[in-house]
file upload-v5.cif (mmCIF, C-alpha atoms)
data_entry
#
loop_
_atom_site.label_atom_id
_atom_site.label_comp_id
_atom_site.auth_asym_id
_atom_site.auth_seq_id
_atom_site.Cartn_x
_atom_site.Cartn_y
_atom_site.Cartn_z
CA MET A 1 2.46 20.18 4.12
CA GLU A 2 0.85 23.46 3.14
CA LEU A 3 0.87 24.57 -0.51
CA GLN A 4 -0.89 26.42 -3.30
CA ALA A 5 -2.86 23.91 -5.40
CA LEU A 6 -1.26 24.88 -8.70
CA PRO A 7 -0.54 22.30 -11.44
CA SER A 8 3.24 22.42 -10.87
CA ARG A 9 2.84 21.92 -7.13
CA ILE A 10 0.39 19.03 -7.57
CA GLY A 11 3.11 17.04 -9.37
CA GLN A 12 5.57 17.80 -6.57
CA VAL A 13 3.12 16.62 -3.90
CA ARG A 14 2.48 13.42 -5.86
CA ARG A 15 6.24 12.73 -5.89
CA ILE A 16 6.55 13.52 -2.17
CA VAL A 17 3.69 11.16 -1.29
CA SER A 18 5.24 8.43 -3.46
CA ALA A 19 8.65 8.88 -1.82
CA GLN A 20 7.13 8.73 1.66
CA LEU A 21 5.28 5.51 0.84
CA ARG A 22 8.48 3.98 -0.52
CA TYR A 23 10.22 4.96 2.72
CA TRP A 24 7.45 3.20 4.69
CA HIS A 25 7.79 0.14 2.39
CA MET A 26 4.22 0.62 1.14
CA ASP A 27 5.07 0.46 -2.56
CA SER A 28 1.82 -1.33 -3.38
CA LEU A 29 -0.13 1.80 -2.35
CA ILE A 30 1.84 4.34 -4.39
CA ASP A 31 -0.26 4.37 -7.57
CA ARG A 32 -3.61 4.66 -5.79
CA ALA A 33 -2.38 7.23 -3.26
CA ALA A 34 -0.79 9.35 -6.01
CA LEU A 35 -3.99 9.20 -8.09
CA GLY A 36 -6.15 10.11 -5.09
CA VAL A 37 -4.04 13.04 -3.91
CA THR A 38 -3.83 14.33 -7.50
CA GLU A 39 -7.63 14.29 -7.82
CA LEU A 40 -8.19 16.02 -4.46
CA LEU A 41 -5.62 18.72 -5.22
CA THR A 42 -7.03 19.24 -8.70
CA ASN A 43 -10.44 19.83 -7.12
CA VAL A 44 -8.91 22.52 -4.90
CA HIS A 45 -7.25 24.09 -7.95
CA LEU A 46 -10.47 24.06 -9.99
CA HIS A 47 -13.14 24.79 -7.39
CA ALA A 48 -11.84 26.24 -4.10
CA THR A 49 -12.42 29.86 -3.20
CA PRO A 50 -11.32 32.34 -1.82
CA ASP A 51 -7.80 30.96 -2.42
CA LYS A 52 -5.98 27.81 -3.52
CA THR A 53 -4.09 27.30 -0.26
CA CYS A 54 -4.45 23.81 1.16
CA THR A 55 -2.78 21.33 3.46
CA VAL A 56 -2.04 17.70 2.58
CA GLU A 57 -1.64 15.10 5.32
CA ILE A 58 -0.84 11.42 5.06
CA GLU A 59 -1.31 9.19 8.07
CA LEU A 60 -0.27 5.57 8.38
CA LEU A 61 -2.01 3.53 11.05
CA LEU A 62 -1.78 -0.22 11.62
CA ASP A 63 -4.01 -1.32 8.76
CA ARG A 64 -4.87 1.89 6.91
CA LEU A 65 -3.31 4.80 5.06
CA THR A 66 -5.36 7.99 5.12
CA VAL A 67 -4.67 10.92 2.80
CA SER A 68 -6.49 14.19 3.50
CA VAL A 69 -6.59 17.61 1.86
CA ARG A 70 -7.80 20.62 3.86
CA ASP A 71 -8.73 23.86 2.11
CA HIS A 72 -10.46 27.17 2.98
CA ASP A 73 -13.64 26.66 0.92
CA PRO A 74 -16.54 25.54 3.15
CA ARG A 75 -18.53 24.02 0.25
CA LEU A 76 -18.48 20.23 0.44
CA PRO A 77 -17.77 18.40 -2.83
CA VAL A 78 -20.53 16.64 -4.74
CA VAL A 79 -20.07 13.54 -6.87
CA ASP A 80 -21.72 14.22 -10.22
CA ASP A 81 -22.64 11.83 -12.98
CA ALA A 82 -20.36 12.98 -15.78
CA ALA A 83 -21.66 12.83 -19.33
CA PRO A 84 -20.03 10.07 -21.42
CA LEU A 85 -17.96 12.54 -23.45
CA ALA A 86 -17.21 14.99 -20.61
CA THR A 87 -13.55 15.80 -20.01
CA CYS A 88 -14.00 16.44 -16.29
CA GLY A 89 -16.30 15.52 -13.43
CA ARG A 90 -15.06 12.00 -12.67
CA GLY A 91 -12.37 12.75 -10.06
CA LEU A 92 -14.32 11.95 -6.90
CA ALA A 93 -15.91 8.92 -8.54
CA MET A 94 -12.38 7.62 -9.25
CA VAL A 95 -11.32 8.33 -5.66
CA ALA A 96 -14.37 6.43 -4.43
CA ALA A 97 -13.66 3.50 -6.77
CA MET A 98 -9.99 3.07 -5.89
CA SER A 99 -10.18 3.68 -2.13
CA GLU A 100 -11.51 1.65 0.75
CA SER A 101 -13.48 4.67 1.93
CA TRP A 102 -13.58 8.42 1.39
CA GLY A 103 -15.48 11.44 2.61
CA ALA A 104 -15.63 15.16 3.28
CA ARG A 105 -16.34 17.08 6.47
CA PRO A 106 -16.51 20.72 7.47
CA ASP A 107 -13.37 22.06 9.12
CA GLY A 108 -14.00 24.88 11.55
CA GLU A 109 -15.93 27.95 10.48
CA SER A 110 -14.56 28.14 6.97
CA GLY A 111 -13.04 25.22 5.22
CA LYS A 112 -13.33 21.49 4.74
CA VAL A 113 -11.32 18.30 4.73
CA VAL A 114 -11.66 15.76 1.92
CA TRP A 115 -10.00 12.41 2.59
CA PHE A 116 -9.67 8.81 1.41
CA SER A 117 -8.22 5.69 2.98
CA LEU A 118 -6.46 2.64 1.59
CA PRO A 119 -5.94 -0.70 3.33
CA THR A 120 -2.27 -1.41 4.05
CA ALA A 121 -2.54 -5.16 4.43
CA PRO A 122 -2.25 -7.16 1.22
CA PRO A 123 -5.30 -9.22 0.36
CA ALA A 124 -5.23 -12.68 1.91
CA PRO A 125 -4.14 -15.37 -0.52
CA PRO A 126 -6.79 -17.87 -1.50
CA VAL A 127 -7.02 -20.87 0.78
CA THR A 128 -5.87 -24.02 -0.94
CA ALA A 129 -6.05 -27.57 0.33
CA ARG A 130 -2.72 -28.98 1.43
CA PRO A 131 -1.69 -32.31 -0.02
CA PRO A 132 -2.01 -35.17 2.44
CA ARG A 133 1.10 -35.94 4.47
CA ARG A 134 3.06 -39.03 3.55
CA LEU A 135 4.37 -41.19 6.32
CA VAL A 136 8.01 -42.13 6.02
CA GLU A 137 8.39 -45.88 5.91
CA GLU A 138 10.46 -47.22 8.75
CA VAL A 139 13.54 -49.19 7.78
CA PRO A 140 14.62 -51.85 10.28
CA ALA A 141 18.08 -51.35 11.80
CA ALA A 142 19.11 -54.80 10.53
CA ALA A 143 19.07 -53.49 6.95
CA PHE A 144 21.70 -50.89 7.82
CA ALA A 145 23.83 -53.49 9.59
CA GLU A 146 23.81 -55.66 6.46
CA VAL A 147 25.08 -52.76 4.35
CA GLU A 148 27.80 -51.96 6.89
CA HIS A 149 28.91 -55.58 6.98
CA ALA A 150 28.99 -55.78 3.18
CA VAL A 151 31.23 -52.72 2.99
CA ALA A 152 33.63 -54.14 5.57
CA LEU A 153 34.13 -57.28 3.50
CA GLY A 154 35.09 -55.70 0.24
CA GLY A 155 38.31 -53.81 -0.30
CA PRO A 156 39.99 -50.91 1.42
CA GLN A 157 38.35 -49.03 4.25
CA PRO A 158 37.40 -45.35 3.73
CA ALA A 159 39.45 -42.75 5.57
CA PRO A 160 37.86 -41.25 8.70
CA ALA A 161 36.06 -37.96 8.20
CA ARG A 162 38.06 -34.88 9.03
CA SER A 163 36.96 -31.31 9.63
CA ALA A 164 38.45 -28.43 7.68
CA VAL A 165 38.13 -26.26 10.78
CA ALA A 166 41.18 -26.20 13.03
CA GLY A 167 40.63 -27.38 16.60
#
call {"tool": "encode", "arguments": {"input": "upload-v5.cif", "output": "structure tokens"}}
result
Amino acid sequence: MELQALPSRIGQVRRIVSAQLRYWHMDSLIDRAALGVTELLTNVHLHATPDKTCTVEIELLLDRLTVSVRDHDPRLPVVDDAAPLATCGRGLAMVAAMSESWGARPDGESGKVVWFSLPTAPPAPPVTARPPRRLVEEVPAAAFAEVEHAVALGGPQPAPARSAVAG
């Protein structure tokens, strides 16, 4: 989708990405994908020139979700070490920390693409040892015959089983 990276539009894109991931049944990726796309669009809003026009793409492959933002500014982003009390400058570091991989590449003569990917498969559960199997003790057929014979000797016989289904 193409848009102007303005604060009001960034919130809309975040909701659209979240809705698409819900539709794909990828709810576990929503928070990280929304955070990542917010950071990339905020970078376009704060730093891109000559305009704030950009395109957001989300691509779901077998084991990976990739979110990319393409803008018209050819300057590639740089991850800076933000000062401890700085109020900005940590966006790409957060994208790097929460994603499986991320990067930026030139796009044609003027522009770039900044992207990140998330694994779609849930982490494998820890391997635990299974309890040993117990063997079922065999009961000789004679034991069942003794029970049957004991029932036959005492009192009235039970009624035969009937099905509630006609036929």
call {"tool": "closest_residue", "arguments": {"input": "upload-v5.cif", "among": "A:Val67, A:Val113, A:Leu40, A:Leu92", "to": "Ser18 (chain A)", "atoms": "only C-alpha atoms"}}
result
A:Val67
call {"tool": "resolve_selection", "arguments": {"input": "upload-v5.cif", "expression": "the PyMOL selection byres ((chain A and resi 50) around 12)", "output": "number ranges by chain"}}
result
A: 44-49, 51-54, 71-75, 110-111
call {"tool": "axis_aligned_box", "arguments": {"input": "upload-v5.cif", "around": "region 104-115 of chain A", "padding_each_side": "5 Å", "output": "lines of an AutoDock Vina configuration file"}}
result
center_x = -13.3
center_y = 20.3
center_z = 6.7
size_x = 16.5
size_y = 25.7
size_z = 19.6
call {"tool": "atom_distance", "arguments": {"input": "upload-v5.cif", "atom1": "CA of Leu6 (chain A)", "atom2": "CA of Ser68 (chain A)"}}
result
17.0 Å
call {"tool": "closest_residue", "arguments": {"input": "upload-v5.cif", "among": "A:Gln4, A:Thr120, A:Thr38, A:Gln12", "to": "Asp63 (chain A)", "atoms": "only C-alpha atoms"}}
result
A:Thr120
call {"tool": "resolve_selection", "arguments": {"input": "upload-v5.cif", "expression": "the PyMOL selection byres ((chain A and resi 102) around 9)", "output": "list in words"}}
result
Val95, Ala96, Ser99, Glu100, Ser101, Gly103, Ala104, Val114, Trp115, Phe116 and Ser117 of chain A
call {"tool": "write_last_selection", "arguments": {"input": "upload-v5.cif", "atoms": "C-alpha atoms", "output": "PDB file, in the coordinates of the input"}}
result
ATOM      1  CA  VAL A  95     -11.320   8.330  -5.660  1.00  0.00           C
ATOM      2  CA  ALA A  96     -14.370   6.430  -4.430  1.00  0.00           C
ATOM      3  CA  SER A  99     -10.180   3.680  -2.130  1.00  0.00           C
ATOM      4  CA  GLU A 100     -11.510   1.650   0.750  1.00  0.00           C
ATOM      5  CA  SER A 101     -13.480   4.670   1.930  1.00  0.00           C
ATOM      6  CA  GLY A 103     -15.480  11.440   2.610  1.00  0.00           C
ATOM      7  CA  ALA A 104     -15.630  15.160   3.280  1.00  0.00           C
ATOM      8  CA  VAL A 114     -11.660  15.760   1.920  1.00  0.00           C
ATOM      9  CA  TRP A 115     -10.000  12.410   2.590  1.00  0.00           C
ATOM     10  CA  PHE A 116      -9.670   8.810   1.410  1.00  0.00           C
ATOM     11  CA  SER A 117      -8.220   5.690   2.980  1.00  0.00           C
TER      12      SER A 117
END
